[in-house]
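The file run03.txt contains compact mmCIF, C-alpha atoms:
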```
# COMPACT_ATOMS: atom_id res chain seq x y z
CA MET A 1 2.39 -29.41 -13.29
CA ASP A 2 4.21 -28.25 -16.41
CA GLU A 3 1.18 -29.31 -18.49
CA ILE A 4 -1.30 -27.18 -16.54
CA TYR A 5 1.01 -24.16 -16.75
CA ALA A 6 1.48 -24.81 -20.48
CA SER A 7 -2.31 -24.63 -20.87
CA LEU A 8 -2.12 -21.10 -19.44
CA GLY A 9 0.45 -20.09 -22.03
CA LEU A 10 3.78 -20.64 -20.24
CA SER A 11 6.61 -22.14 -22.23
CA PRO A 12 8.70 -24.97 -20.74
CA GLU A 13 11.74 -22.67 -20.70
CA VAL A 14 10.05 -19.99 -18.59
CA TYR A 15 8.48 -22.52 -16.22
CA ALA A 16 11.81 -24.29 -15.69
CA PHE A 17 13.56 -20.98 -15.04
CA GLY A 18 10.97 -20.10 -12.42
CA GLU A 19 11.28 -23.46 -10.68
CA GLN A 20 15.06 -23.07 -10.56
CA VAL A 21 14.69 -19.70 -8.80
CA LEU A 22 11.96 -20.97 -6.48
CA ALA A 23 14.12 -23.83 -5.19
CA GLY A 24 16.24 -21.38 -3.20
CA LEU A 25 13.41 -19.51 -1.44
CA LYS A 26 12.27 -22.03 1.18
CA ASP A 27 13.77 -20.17 4.16
CA ARG A 28 12.48 -16.77 3.00
CA PHE A 29 8.97 -18.15 2.63
CA ALA A 30 9.11 -19.76 6.07
CA ALA A 31 9.85 -16.36 7.63
CA VAL A 32 6.87 -14.85 5.78
CA ASP A 33 4.61 -17.62 7.09
CA ALA A 34 5.82 -17.05 10.66
CA ALA A 35 4.87 -13.36 10.52
CA ALA A 36 1.49 -14.26 9.00
CA GLU A 37 0.81 -16.71 11.82
CA TYR A 38 1.58 -14.03 14.43
CA ASN A 39 -0.59 -11.43 12.68
CA GLN A 40 -3.44 -13.91 12.24
CA ALA A 41 -3.47 -14.50 15.99
CA LYS A 42 -3.38 -10.74 16.58
CA VAL A 43 -6.41 -10.12 14.37
CA LEU A 44 -8.29 -13.05 15.86
CA GLY A 45 -7.58 -11.79 19.37
CA ALA A 46 -8.82 -8.30 18.48
CA MET A 47 -12.09 -9.67 17.08
CA GLN A 48 -12.67 -11.80 20.16
CA LYS A 49 -11.77 -8.96 22.53
CA CYS A 50 -14.27 -6.65 20.80
CA ARG A 51 -17.00 -9.34 20.91
CA VAL A 52 -17.71 -9.44 17.18
CA SER A 53 -21.08 -11.15 16.67
CA SER A 54 -23.42 -11.96 13.81
CA ALA A 55 -25.39 -8.85 14.76
CA CYS A 56 -22.39 -6.81 13.55
CA PHE A 57 -23.12 -7.81 9.95
CA ALA A 58 -26.52 -6.10 9.72
CA THR A 59 -27.02 -3.47 7.02
CA SER A 60 -27.67 0.14 7.97
CA THR A 61 -28.93 2.91 5.71
CA GLY A 62 -29.66 6.60 5.89
CA TYR A 63 -27.93 8.31 8.80
CA GLY A 64 -26.60 5.05 10.17
CA TYR A 65 -27.28 5.97 13.79
CA ASN A 66 -26.44 3.31 16.40
CA ASP A 67 -24.65 1.10 13.88
CA LEU A 68 -23.27 -1.68 16.08
CA GLY A 69 -21.27 -3.33 13.29
CA ARG A 70 -19.64 -0.12 12.13
CA ASP A 71 -18.66 0.92 15.65
CA THR A 72 -17.39 -2.55 16.55
CA LEU A 73 -15.29 -2.76 13.38
CA GLU A 74 -13.61 0.49 14.35
CA GLU A 75 -12.92 -0.93 17.81
CA VAL A 76 -11.36 -3.98 16.16
CA TYR A 77 -9.08 -1.82 13.98
CA ALA A 78 -8.02 0.19 17.02
CA ALA A 79 -7.24 -3.06 18.84
CA VAL A 80 -5.25 -4.47 15.92
CA PHE A 81 -3.21 -1.28 15.49
CA HIS A 82 -2.98 -0.59 19.25
CA THR A 83 -4.45 2.91 18.98
CA GLU A 84 -6.99 4.90 20.97
CA ALA A 85 -9.48 5.15 18.12
CA ALA A 86 -10.14 4.32 14.48
CA LEU A 87 -12.23 5.56 11.58
CA VAL A 88 -13.04 2.76 9.09
CA ARG A 89 -15.62 3.65 6.47
CA PRO A 90 -16.70 2.61 2.97
CA GLN A 91 -17.25 6.33 2.33
CA ILE A 92 -13.45 6.79 2.28
CA THR A 93 -12.98 6.15 -1.41
CA CYS A 94 -9.27 5.28 -1.68
CA GLY A 95 -5.88 5.66 -0.04
CA THR A 96 -5.36 9.15 -1.41
CA HIS A 97 -8.74 10.18 -0.01
CA ALA A 98 -7.84 8.76 3.41
CA LEU A 99 -4.56 10.69 3.43
CA ALA A 100 -6.19 13.90 2.21
CA LEU A 101 -8.85 13.47 4.89
CA ALA A 102 -6.27 13.05 7.66
CA LEU A 103 -4.23 16.03 6.46
CA GLY A 104 -7.18 18.35 5.89
CA ALA A 105 -8.72 17.43 9.23
CA ASN A 106 -5.64 18.12 11.33
CA LEU A 107 -4.07 21.11 9.57
CA ARG A 108 -5.27 24.71 9.71
CA PRO A 109 -4.42 27.86 7.72
CA GLY A 110 -0.94 29.01 8.65
CA ASP A 111 0.25 25.50 9.55
CA GLU A 112 3.04 23.74 7.72
CA LEU A 113 3.23 20.15 6.51
CA MET A 114 6.65 18.51 6.30
CA SER A 115 7.90 15.31 4.65
CA PRO A 116 11.23 13.94 5.93
CA VAL A 117 11.33 11.22 3.26
CA GLY A 118 11.42 13.30 0.09
CA ALA A 119 8.67 13.94 -2.40
CA PRO A 120 5.25 12.39 -1.73
CA TYR A 121 3.43 9.89 -3.93
CA ASP A 122 2.21 11.41 -7.21
CA THR A 123 -1.47 11.70 -6.27
CA LEU A 124 -0.63 13.68 -3.13
CA GLU A 125 1.08 16.42 -5.12
CA GLU A 126 -2.30 17.93 -6.00
CA VAL A 127 -3.65 17.33 -2.50
CA ILE A 128 -0.76 19.32 -1.03
CA GLY A 129 -0.59 21.87 -3.84
CA ILE A 130 2.86 21.02 -5.17
CA ARG A 131 1.00 20.81 -8.46
CA PRO A 132 -1.71 23.48 -8.35
CA SER A 133 -5.17 22.02 -7.94
CA ALA A 134 -8.54 23.32 -6.78
CA GLY A 135 -9.09 22.56 -3.11
CA SER A 136 -5.45 21.81 -2.30
CA LEU A 137 -3.94 22.46 1.12
CA ALA A 138 -1.98 25.32 -0.43
CA GLU A 139 -5.24 27.08 -1.33
CA PHE A 140 -6.10 27.07 2.38
CA GLY A 141 -2.83 28.69 3.37
CA ILE A 142 -1.07 25.49 4.47
CA SER A 143 2.56 25.41 3.39
CA TYR A 144 4.80 22.46 2.65
CA ARG A 145 8.47 21.62 3.14
CA GLN A 146 10.46 18.45 2.62
CA ALA A 147 13.83 16.94 3.43
CA ASP A 148 15.11 14.60 0.76
CA LEU A 149 16.62 11.24 1.55
CA LEU A 150 20.35 10.73 1.18
CA PRO A 151 21.56 8.96 -1.98
CA ASP A 152 21.78 5.67 -0.08
CA GLY A 153 18.14 5.98 1.01
CA ASP A 154 18.93 6.91 4.62
CA PHE A 155 17.44 9.89 6.45
CA ASP A 156 19.22 13.25 6.24
CA TRP A 157 18.97 14.10 9.92
CA ASP A 158 20.45 17.60 9.56
CA ALA A 159 18.07 18.48 6.72
CA ILE A 160 15.11 17.16 8.71
CA ARG A 161 16.06 19.25 11.74
CA ALA A 162 16.34 22.34 9.53
CA ALA A 163 12.99 21.65 7.83
CA ILE A 164 11.05 21.49 11.12
CA THR A 165 10.02 25.04 11.97
CA PRO A 166 7.72 26.61 14.57
CA ARG A 167 4.92 26.38 11.96
CA THR A 168 5.38 22.63 11.40
CA LYS A 169 2.16 21.06 12.62
CA LEU A 170 2.22 17.66 10.95
CA ILE A 171 4.90 15.37 9.55
CA THR A 172 3.89 12.91 6.85
CA ILE A 173 5.90 9.73 6.42
CA GLN A 174 5.34 7.53 3.38
CA ARG A 175 6.22 3.95 4.28
CA SER A 176 6.17 2.54 0.77
CA LYS A 177 8.30 3.70 -2.13
CA GLY A 178 5.47 4.93 -4.36
CA TYR A 179 6.62 5.54 -7.93
CA ALA A 180 10.24 5.87 -6.85
CA THR A 181 13.10 3.42 -6.63
CA ARG A 182 14.02 4.30 -3.06
CA PRO A 183 13.82 1.62 -0.37
CA SER A 184 10.56 1.27 1.52
CA LEU A 185 10.78 1.95 5.24
CA SER A 186 10.73 -0.62 8.01
CA VAL A 187 8.62 0.00 11.09
CA GLU A 188 11.86 0.25 13.08
CA GLN A 189 13.18 2.99 10.77
CA ILE A 190 9.88 4.83 11.05
CA GLY A 191 10.09 4.61 14.83
CA ARG A 192 13.54 6.19 14.86
CA LEU A 193 12.36 8.92 12.50
CA ILE A 194 9.30 9.73 14.63
CA ALA A 195 11.39 9.84 17.79
CA PHE A 196 13.85 12.25 16.16
CA CYS A 197 11.12 14.56 14.83
CA LYS A 198 9.41 14.69 18.22
CA SER A 199 12.75 15.42 19.92
CA VAL A 200 13.02 18.48 17.67
CA LYS A 201 9.37 19.54 18.16
CA PRO A 202 7.57 17.53 20.85
CA ASP A 203 4.05 18.63 19.90
CA VAL A 204 4.35 17.80 16.20
CA LEU A 205 1.89 15.23 14.83
CA CYS A 206 3.34 12.29 12.88
CA MET A 207 1.17 10.58 10.26
CA VAL A 208 2.28 7.43 8.42
CA ASP A 209 0.98 6.49 5.00
CA ASN A 210 0.78 2.76 5.75
CA CYS A 211 -0.46 1.67 2.30
CA TYR A 212 0.98 -1.68 1.20
CA GLY A 213 2.70 -2.20 4.57
CA GLU A 214 0.00 -3.62 6.83
CA PHE A 215 0.78 -7.09 8.24
CA VAL A 216 4.14 -7.31 6.48
CA GLN A 217 5.86 -7.13 9.87
CA THR A 218 4.53 -8.11 13.29
CA VAL A 219 4.45 -4.45 14.39
CA GLU A 220 2.84 -1.39 12.81
CA PRO A 221 3.90 2.29 12.80
CA SER A 222 1.29 2.96 15.49
CA ASP A 223 3.38 0.74 17.77
CA VAL A 224 6.37 3.08 17.45
CA GLY A 225 4.87 6.50 18.07
CA ALA A 226 2.77 7.43 15.02
CA ASP A 227 -0.17 9.68 15.89
CA MET A 228 -2.05 8.38 12.83
CA VAL A 229 -1.64 5.43 10.47
CA VAL A 230 -3.62 5.65 7.27
CA GLY A 231 -4.46 3.17 4.54
CA SER A 232 -6.88 1.73 2.01
CA LEU A 233 -9.16 -1.28 2.36
CA ILE A 234 -8.58 -2.34 -1.25
CA LYS A 235 -4.97 -2.94 -0.28
CA ASN A 236 -3.64 -5.25 2.47
CA PRO A 237 -6.20 -4.86 5.30
CA GLY A 238 -9.21 -5.53 3.08
CA GLY A 239 -7.90 -9.01 2.32
CA GLY A 240 -9.22 -8.80 -1.24
CA LEU A 241 -12.84 -8.90 -0.03
CA ALA A 242 -13.57 -5.29 0.97
CA ALA A 243 -15.26 -3.60 -1.96
CA ALA A 244 -14.17 -0.09 -0.97
CA GLY A 245 -13.08 1.97 1.98
CA GLY A 246 -10.19 3.33 3.97
CA TYR A 247 -9.02 3.54 7.56
CA ILE A 248 -7.37 6.01 9.92
CA CYS A 249 -6.14 4.67 13.26
CA GLY A 250 -4.59 6.93 15.85
CA THR A 251 -5.06 9.14 18.86
CA ALA A 252 -8.62 9.96 19.83
CA PRO A 253 -8.28 13.72 19.06
CA CYS A 254 -6.78 13.10 15.61
CA VAL A 255 -9.39 10.50 14.67
CA GLU A 256 -12.25 12.68 15.91
CA GLN A 257 -11.01 15.53 13.72
CA CYS A 258 -10.97 13.13 10.77
CA ALA A 259 -14.52 11.97 11.50
CA ARG A 260 -15.78 15.54 11.60
CA ARG A 261 -14.01 16.27 8.33
CA LEU A 262 -15.50 13.17 6.69
CA THR A 263 -19.06 13.91 7.83
CA ALA A 264 -19.65 17.31 9.46
CA PRO A 265 -18.77 19.23 12.63
CA GLY A 266 -21.09 18.07 15.39
CA LEU A 267 -21.78 14.75 13.67
CA GLY A 268 -18.40 13.04 13.48
CA LYS A 269 -18.46 9.25 13.89
CA GLU A 270 -22.15 9.11 14.84
CA VAL A 271 -23.35 9.00 11.23
CA GLY A 272 -22.38 7.01 8.17
CA ALA A 273 -24.41 4.00 7.04
CA ASN A 274 -22.51 0.79 6.29
CA LEU A 275 -24.68 0.04 3.22
CA GLY A 276 -24.20 -3.71 3.58
CA GLN A 277 -20.42 -3.63 3.30
CA LEU A 278 -19.56 -4.88 6.79
CA PRO A 279 -19.40 -8.67 6.21
CA SER A 280 -16.70 -8.28 3.55
CA MET A 281 -14.84 -5.69 5.64
CA TYR A 282 -14.75 -7.98 8.68
CA GLN A 283 -13.91 -11.13 6.75
CA GLY A 284 -11.34 -9.30 4.62
CA LEU A 285 -9.53 -8.09 7.73
CA PHE A 286 -9.59 -11.61 9.13
CA LEU A 287 -7.99 -12.99 5.95
CA ALA A 288 -5.57 -10.07 5.52
CA PRO A 289 -2.52 -11.62 7.23
CA THR A 290 -2.50 -14.70 5.01
CA VAL A 291 -3.43 -12.77 1.86
CA THR A 292 -0.59 -10.34 2.56
CA ALA A 293 1.76 -13.30 3.04
CA GLY A 294 0.88 -14.60 -0.41
CA ALA A 295 1.57 -11.20 -1.93
CA LEU A 296 4.90 -11.01 -0.09
CA LYS A 297 5.98 -14.37 -1.47
CA GLY A 298 5.12 -13.12 -4.95
CA ALA A 299 7.23 -9.99 -4.43
CA ILE A 300 10.20 -12.05 -3.21
CA PHE A 301 9.84 -14.40 -6.18
CA ALA A 302 9.68 -11.44 -8.60
CA ALA A 303 12.83 -9.88 -7.17
CA ASN A 304 14.74 -13.15 -7.45
CA ILE A 305 13.50 -13.79 -11.00
CA TYR A 306 14.33 -10.37 -12.40
CA GLU A 307 17.55 -9.76 -10.49
CA LYS A 308 18.88 -13.05 -11.83
CA LEU A 309 18.18 -11.67 -15.31
CA GLY A 310 20.20 -8.53 -14.58
CA PHE A 311 17.46 -6.01 -13.81
CA ALA A 312 17.73 -3.66 -10.84
CA CYS A 313 15.13 -4.51 -8.18
CA VAL A 314 14.05 -2.56 -5.10
CA PRO A 315 14.17 -4.25 -2.70
CA ASN A 316 16.74 -6.61 -4.12
CA ALA A 317 16.50 -10.37 -4.02
CA SER A 318 17.91 -10.80 -0.52
CA GLU A 319 16.84 -7.65 1.37
CA PRO A 320 14.16 -7.73 4.09
CA ARG A 321 10.63 -6.82 3.00
CA HIS A 322 8.78 -3.83 4.44
CA ASP A 323 5.84 -3.71 2.00
CA ILE A 324 4.33 -5.84 -0.74
CA ILE A 325 5.56 -3.70 -3.67
CA GLN A 326 8.36 -4.91 -5.91
CA ALA A 327 9.97 -2.32 -8.18
CA VAL A 328 11.77 -3.65 -11.27
CA THR A 329 13.67 -1.21 -13.47
CA LEU A 330 13.09 -2.55 -16.96
CA GLY A 331 14.76 0.28 -18.87
CA SER A 332 12.25 0.78 -21.71
CA PRO A 333 8.55 1.42 -22.34
CA GLU A 334 8.39 -1.74 -24.47
CA ARG A 335 9.49 -3.92 -21.58
CA MET A 336 7.02 -2.20 -19.25
CA GLU A 337 4.17 -2.88 -21.64
CA ALA A 338 5.18 -6.52 -22.10
CA PHE A 339 5.48 -7.04 -18.33
CA CYS A 340 2.04 -5.56 -17.71
CA LEU A 341 0.55 -7.57 -20.57
CA GLY A 342 1.76 -10.72 -18.80
CA ILE A 343 0.23 -9.71 -15.49
CA GLN A 344 -3.08 -8.95 -17.22
CA ALA A 345 -2.97 -12.25 -19.12
CA ALA A 346 -2.65 -14.08 -15.78
CA ALA A 347 -5.75 -12.40 -14.30
CA PRO A 348 -9.03 -14.19 -13.54
CA VAL A 349 -10.93 -11.12 -14.77
CA ASP A 350 -10.32 -9.33 -18.10
CA SER A 351 -7.38 -11.56 -19.01
CA HIS A 352 -8.09 -10.84 -22.67
CA VAL A 353 -7.54 -7.07 -22.26
CA THR A 354 -4.32 -5.34 -23.36
CA PRO A 355 -3.10 -2.67 -20.90
CA VAL A 356 -2.04 0.59 -22.56
CA PRO A 357 -0.55 3.78 -21.09
CA TRP A 358 -3.06 6.55 -20.42
CA PRO A 359 -3.23 9.96 -18.67
CA MET A 360 -4.60 8.69 -15.34
CA PRO A 361 -6.12 11.39 -13.08
CA GLY A 362 -3.73 12.59 -10.38
CA TYR A 363 -0.52 11.77 -12.28
CA ASP A 364 1.77 14.02 -14.32
CA SER A 365 2.73 11.38 -16.90
CA ASP A 366 1.00 8.51 -18.68
CA VAL A 367 0.59 5.44 -16.49
CA ILE A 368 0.21 1.82 -17.51
CA MET A 369 -1.77 -0.44 -15.23
CA ALA A 370 -2.50 -4.15 -15.33
CA ALA A 371 -5.21 -5.31 -12.94
CA GLY A 372 -7.74 -7.97 -13.77
CA ALA A 373 -9.34 -7.74 -10.36
CA PHE A 374 -12.61 -8.71 -8.71
CA VAL A 375 -12.58 -5.26 -7.06
CA GLN A 376 -11.75 -2.40 -9.39
CA GLY A 377 -8.31 -0.98 -8.65
CA SER A 378 -7.61 -3.45 -5.85
CA SER A 379 -3.83 -3.64 -5.53
CA ILE A 380 -3.85 -6.47 -3.01
CA GLU A 381 -5.03 -8.45 -6.01
CA LEU A 382 -2.47 -9.30 -8.70
CA SER A 383 -1.51 -6.04 -10.36
CA ALA A 384 1.34 -4.05 -11.87
CA ASP A 385 1.68 -0.45 -12.87
CA GLY A 386 4.13 2.35 -13.45
CA PRO A 387 4.57 5.79 -15.03
CA ILE A 388 5.94 5.82 -18.57
CA ARG A 389 9.05 7.84 -17.76
CA PRO A 390 12.70 7.07 -17.05
CA PRO A 391 14.01 4.85 -15.55
CA TYR A 392 10.98 2.89 -16.82
CA ALA A 393 10.36 0.97 -13.62
CA VAL A 394 7.31 -1.23 -13.16
CA TYR A 395 5.76 -1.82 -9.74
CA PHE A 396 4.36 -5.29 -9.09
CA GLN A 397 2.17 -6.11 -6.11
CA GLY A 398 -0.58 -8.34 -4.85
CA GLY A 399 -1.96 -11.77 -5.49
CA LEU A 400 -4.79 -13.11 -3.34
CA THR A 401 -2.88 -16.39 -3.19
CA TRP A 402 0.82 -17.13 -3.55
CA TYR A 403 0.12 -19.46 -6.46
CA HIS A 404 -1.65 -16.74 -8.39
CA ALA A 405 1.19 -14.31 -7.71
CA LYS A 406 3.63 -16.95 -8.99
CA THR A 407 1.61 -17.40 -12.17
CA GLY A 408 1.53 -13.66 -12.77
CA ILE A 409 5.29 -13.27 -12.43
CA LEU A 410 5.96 -16.19 -14.75
CA MET A 411 3.50 -14.81 -17.28
CA SER A 412 5.18 -11.38 -17.17
CA LEU A 413 8.46 -13.08 -17.99
CA GLN A 414 6.76 -15.11 -20.72
CA LYS A 415 5.61 -11.97 -22.56
CA LEU A 416 9.07 -10.42 -22.35
CA TYR A 417 10.60 -13.69 -23.60
CA GLU A 418 8.15 -14.05 -26.50
CA ARG A 419 8.92 -10.55 -27.72
CA GLY A 420 12.66 -11.03 -27.56
CA LEU A 421 13.00 -8.43 -24.82
CA VAL A 422 14.75 -10.75 -22.38
CA ARG A 423 17.20 -13.64 -22.52
CA LEU A 424 16.87 -16.37 -19.93
CA GLU A 425 20.55 -17.30 -20.11
CA GLY A 426 22.22 -13.91 -19.78
CA ASP A 427 22.43 -10.33 -18.47
CA ASN A 428 19.57 -8.20 -19.81
CA LYS A 429 20.58 -4.77 -18.51
```
Since I need it in another form, could you write the structure as structure tokens?
Amino acid sequence: MDEIYASLGLSPEVYAFGEQVLAGLKDRFAAVDAAAEYNQAKVLGAMQKCRVSSACFATSTGYGYNDLGRDTLEEVYAAVFHTEAALVRPQITCGTHALALALGANLRPGDELMSPVGAPYDTLEEVIGIRPSAGSLAEFGISYRQADLLPDGDFDWDAIRAAITPRTKLITIQRSKGYATRPSLSVEQIGRLIAFCKSVKPDVLCMVDNCYGEFVQTVEPSDVGADMVVGSLIKNPGGGLAAAGGYICGTAPCVEQCARRLTAPGLGKEVGANLGQLPSMYQGLFLAPTVTAGALKGAIFAANIYEKLGFACVPNASEPRHDIIQAVTLGSPERMEAFCLGIQAAAPVDSHVTPVPWPMPGYDSDVIMAAGAFVQGSSIELSADGPIRPPYAVYFQGGLTWYHAKTGILMSLQKLYERGLVRLEGDNK
């Protein structure tokens, strides 16, 4: 085994260090596998209940009227997430688009949007209008308020109560940490937060940005009171096969509003050709629980590797996992670039490319991204990224298989080691 890893560029020292860390993770990995087994049965049951057939894989074009496969896939998603309805379309271009769609569809001029978990992910700042942008919610007279988390990452219940006003129409809850070093939220925490917000204002809508969290636990935010759960198909639920798309699962009125926003009033879910994407969307969902499990093992391995070297990790090496993202505070741009170079070097696609920081659209600072993926931008595939700004944290996620995720983490360490940016025998803070 050490010979095959050496052929990929790993030194004996780095490989041995990784094996030493891995020896203590048997119980953690067993728990991940148990959740994957449960979620696999859940997805299988949903597909059987909705009578998925080979006829569902037919291509539709043009208007896409009477698209059996499209409509059945949405029934499957609703069954998996235990919701009244779902909108699952390749025309939803990314997670940010899905979130913007859900917000724009269910908010009206004069309404207020509120976040009880602090600032939103960078790309939503322009959607909301925190950073001025053409077409933002702010331009349509929709205001925004937020309650920041407490220093320990817990909810500030008093601040949340104060931030919910008579104008508050929708509450947005970001499950994952985004480009922050706060803890990601468990489904149980989200459930308590939703219950509290609805006790303050019973008619308020609660939307959960579920990106990176699907199938990590055996329950989803829609099981604990969310009116909408929103995500991207090039993350967990696409299983690495979906070429594009996003989903919104929730109450029938909320989803219908989203459909009318995506297409047009009066058309809603009735139109939207699948353009031959359905086989990969179905099969990707079927594989998603085990693909997510592989990514989770990679995240756990990464936390244990880098915490042992003295770097701050969120979550840390022993904490429960609520999403597939592993934040590692490396402390310098040079370490970020070396880490991402290692992830890129471990990729099956474009392994020869050197990632460099660049002004990525939607962000207010340069971002470095490593992603040698079969699907462009797919972050359920092995990838790492982060904004070049203090505290210089890199965010690792994905890996279609656990073994590929393992290779990527070891290669990230290899590049740091080669450049003298890390010592395997001591504290590197």
Residue neighbourhood region 294-304 of chain A, 9 Å, only C-alpha atoms, exclusion window fewer than 3 positions, as number ranges by chain: A: 18, 21-22, 25, 28-29, 32-33, 216, 289-291, 307-309, 311-318, 321, 323-328, 380-382, 396-406, 408-410
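Excluding region 344-358 of chain A itself and same-chain residues fewer than 6 positions from it, the residues having an atom within 7 Å of it are A:Asp366, A:Val367, A:Ile368, A:Met369, A:Ala370, A:Ala371, A:Gly372, A:Ala373, A:Phe374, A:Thr407, A:Gly408, A:Met411, counting only C-alpha atoms.
The residue set within 10 Å of Pro253 (chain A), counting only C-alpha atoms and dropping same-chain residues fewer than 6 places from it, reads Glu84, Ala85, Asn106, Asp227 and Ala259 of chain A.
Between CA of Glu75 (chain A) and CA of Val224 (chain A) the interatomic distance comes to 19.7 Å.
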Wanna dump the region 179-205 of chain A-region 148-164 of chain A contacts at 8 Å for me, each residue with its shortest atom pair and the distance in Å to one decimal, counting all atoms listed in the file, ordered by chain and number, as a Markdown table?
```
| residue | atom | partner | partner_atom | distance |
| --- | --- | --- | --- | --- |
| A:Arg182 | CA | A:Gly153 | CA | 6.0 |
| A:Pro183 | CA | A:Gly153 | CA | 6.3 |
| A:Leu193 | CA | A:Phe155 | CA | 8.0 |
| A:Cys197 | CA | A:Arg161 | CA | 7.5 |
| A:Val200 | CA | A:Arg161 | CA | 6.7 |
| A:Lys201 | CA | A:Ile164 | CA | 7.5 |
```
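Residue nearest Ala252 (chain A), chosen from A:Asp2, A:Ile234, A:Ala86, A:Gly69 and counting all atoms listed in the file: A:Ala86.
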Neighbours of point (6.4, 0.5, -21.4) within 9 Å, using only C-alpha atoms, written as a list in words: Leu330, Gly331, Ser332, Pro333, Glu334, Arg335, Met336, Glu337, Ala338, Phe339, Cys340, Val356, Pro357, Ile368, Gly386, Pro387, Ile388, Arg389, Tyr392, Ala393 and Val394 of chain A
Residue contacts of Arg167 (chain A) (7 Å, all atoms listed in the file) excluding same-chain residues fewer than 2 positions away, as a list of chain:residue names: A:Asp111, A:Glu112, A:Thr165, A:Lys169
Residue list as a ChimeraX atom specification for point (-7.9, 20.3, -2.6), cut-off 12 Å, all atoms listed in the file: /A:96-97,99-101,103-104,123-142,362
Using all atoms listed in the file: which of A:Arg192, A:Lys26, A:Arg145, A:Lys269 has the shortest distance to Gly225 (chain A):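 Comparing A:Arg192, A:Lys26, A:Arg145, A:Lys269 against Gly225 (chain A), the winner is A:Arg192.
Each of A:Leu233, A:Leu267, A:Cys211, A:Ile248 was checked against Glu74 (chain A) using only C-alpha atoms; the smallest atom-to-atom distance is that of A:Ile248.
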Nearest residue to Gln146 (chain A) from the set A:Leu241, A:Leu113, A:Arg175, A:Leu416 (distances using all atoms listed in the file):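 Counting all atoms listed in the file, the residue closest to Gln146 (chain A) is A:Leu113.
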Length of the CA of Pro120 (chain A) to CA of Thr172 (chain A) vector [Å]: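 Between these atoms lies a distance of 8.7 Å.
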Best match for closeness to Asn210 (chain A) among A:Met228, A:Val43, A:Leu424, A:Leu10, counting all atoms listed in the file: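 Under the stated criterion, the closest residue is A:Met228.
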